[in-house]
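Novice: This structure is in structure tokens; I'll ask about it shortly.
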Amino acid sequence: MGWTNIFYVFAAVLFILGIKQLSHPKTARNGNLIASIGMLIAIVTTLLAYGQLDLRLIAVGMIIGAIIGATFAIRVEMTQMPQMVAIFNGFGGGASALVAAAEFTKSGDITSFTLSTISLSVFVGTLTFTGSFIAFGKLQGFVSGKPLVFPGQQLFNALMALCLIFFSVNLVMNPADIKFFYAVIALSAILGVTLTIPIGGADMPVVISLLNSYSGVAAASTGFVLMNNGLIISGALVGASGLILTNIMCKGMNRSLANVIFGAVGLEQETSSNGGKQITVKSYSTEEAAMIFDAAEKIIVVPGYGLAVAQAQHAVREIADHLIAQGKTVLYAIHPVAGRMPGHMNVLLAEANIPYDQLKDLDEINPEFEDCDVALVLGANDVVNPAARHDTGSPIYGMPILDVDKSRTVIINKRTMNPGFAGIQNELFGFENSIMVFGDAKEMLQQLLKDLKDL
Amino acid sequence: MDINILTVFILAVFVGIEIITKVPPTLHTPLMSGSNAISGIAVVGAIISTRIDGEIGTWLGLAAVIFATINVVGGFMVTDRMLKMFKRD
């Protein structure tokens, strides 16, 4: 089947060109379209190349899948994007595992190589499936966002992994014995759950990226099962993409991947160095805050997950419009791990029509705080915690942070004084130049806008 | 085992790393959902696996087709929805 491989390679080239165009916001939409055409070519090629296909059955499956997928895609709120990607990853991984399982049930001789790739596909695919659903549950609030741990969890996971290797080897040696196959599925499913539940909400960007990578690896290994270039190339692309994003997220927190996966950060209140130290905060009304804004020239907005929860992106835009109309400068500081997935804040602010060239990343914005009059921190906590610079006992020590404390005034909006997701009290709130304005981000911003207009 | 197929895999990983490091942080979420849609390429495997004789194989294949299509259609559509929103001044 020479010609089919040519079409698969063509599809893969379109995927590569599509991702390439994603490197600029202007061409990105076109890139996505190109990639989707690549997918269409791959699907049509497959339908034409393989005989004995039950086209009716496939059509039914594709229609059901398309309706479900489209419904998700149309209905989802931008704030829910992390859980959306998580659930899609889960379906992708699940599909790869199912394909491998179907190949396993095929009658006739299967080579040891194919059996190894089948067990790899089933393992990674099933793990991605259950892990993604736990991640989805955590983000959606079905499962506690806090790290869930039990005594001996790491030992348990290590034992599970060892058993998994043992059963996989047995599966390859005795393919006739179906019980090894079931054991691999069951253990992979459990491992997906036990590896994801101990990870705290603030570490979700890493988990989502990693699961994204896994779904690619699962597709690539299914490609080895079927000896299909299309799957191998595309799976490798996605695997690499997920891995790079995982790496960027880990760097953004200055933590190793192992520490994120096994560290269970957010579990206990750190009491080491500044534990027990009382922080006295100044709490202002929106009216008082409005006066500070009125006197300011340069304002930097620091959005965090709290902004997403409160759906306050449009309210931010309205305030910014008002301030810009008065001749002030407004910029946005985006920390790499702000929100629950890579680039989460950028999408939210884009939804509110905030031009992407006002959004600055960490390295770009940090020098700007020196001559900034007001830094407005909206529902961000750990990414602005100065303890990351000096407190070696803090779980976020060494994490690059946004230097909001260098601004003349820092206005921090939070619902309550509760510590952030990492469970750490933030000394920034007690700083001389810090002012707290409590309340829901959206309501606070709307009130602030009213007060600004009344001045 | 066919060494060619391994060569293809390794080269594709390098190409992936090359092009993806060039995507700016602003577009990381669409990159993720877009690459996620591409991982729905498992749909190709799913279609092939429905041909497998025997009840169980076919039903597993059908489930795989459904799962992968959710991934593909949902992934590309939601990425498009996001990218539509990115604007300049």
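Identifiers for the structure tokens are assigned positionally: chains receive A, B, ... in sequence, residues are indexed from 1 per chain, and ligands are indexed from 1 in the order shown.
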Give the helix (DSSP H, G or I) residues of stretch 28-237 of chain A, as assigned by DSSP on the backbone, as a ChimeraX atom specification.
Specialist: /A:28-49,55-75,78-104,112-140,153-173,178-196,201-226,229-237
Novice: Extract, using only C-alpha atoms, all DNA, RNA and protein residues at most 7 Å from B:Asn36, discarding same-chain residues fewer than 3 positions from it, and format them as a PyMOL selection string.
Specialist: (chain A and resi 89+212+238) or (chain B and resi 32-33+39-40+75)
Novice: Quick one: everything within 8 Å of A:Leu164, counting only C-alpha atoms, minus sequence neighbours fewer than 4 positions away in the same chain. Send it as a list in words.
Specialist: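 Answer for this query is Met160, Ser168, Ala183, Val184, Leu187 and Ser188 of chain A.
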Novice: Would you output that residue set with C-alpha atoms, as a compact mmCIF listing (two decimals), in the first residue's frame?
Specialist:
# COMPACT_ATOMS: atom_id res chain seq x y z
CA MET A 160 1.95 -0.98 41.17
CA SER A 168 3.43 -6.74 30.69
CA ALA A 183 -4.21 -7.09 34.75
CA VAL A 184 -2.30 -4.56 32.63
CA LEU A 187 -3.22 -1.59 36.97
CA SER A 188 -2.78 1.19 34.38
Novice: Please list as number ranges by chain every residue within 9 Å of A:Phe88, counting only C-alpha atoms and excluding residues in the same chain fewer than 3 positions away.
Specialist: A: 69, 83-85, 91-93, 132; B: 33, 36-37, 40, 67-68, 70-72, 74-75
Novice: Return the neighbours of chain B among the residues of chain A, cut-off 6 Å, counting only C-alpha atoms, as a VMD selection string.
Specialist: chain A and resid 20 23 29 43 53 61 to 62 65 to 66 69 to 70 73 85 88 91 to 92 95 to 96 98 to 99 102 105 216 219 232 to 233 235 to 238 240 to 241 342 to 343 346 350 to 351 355 to 356
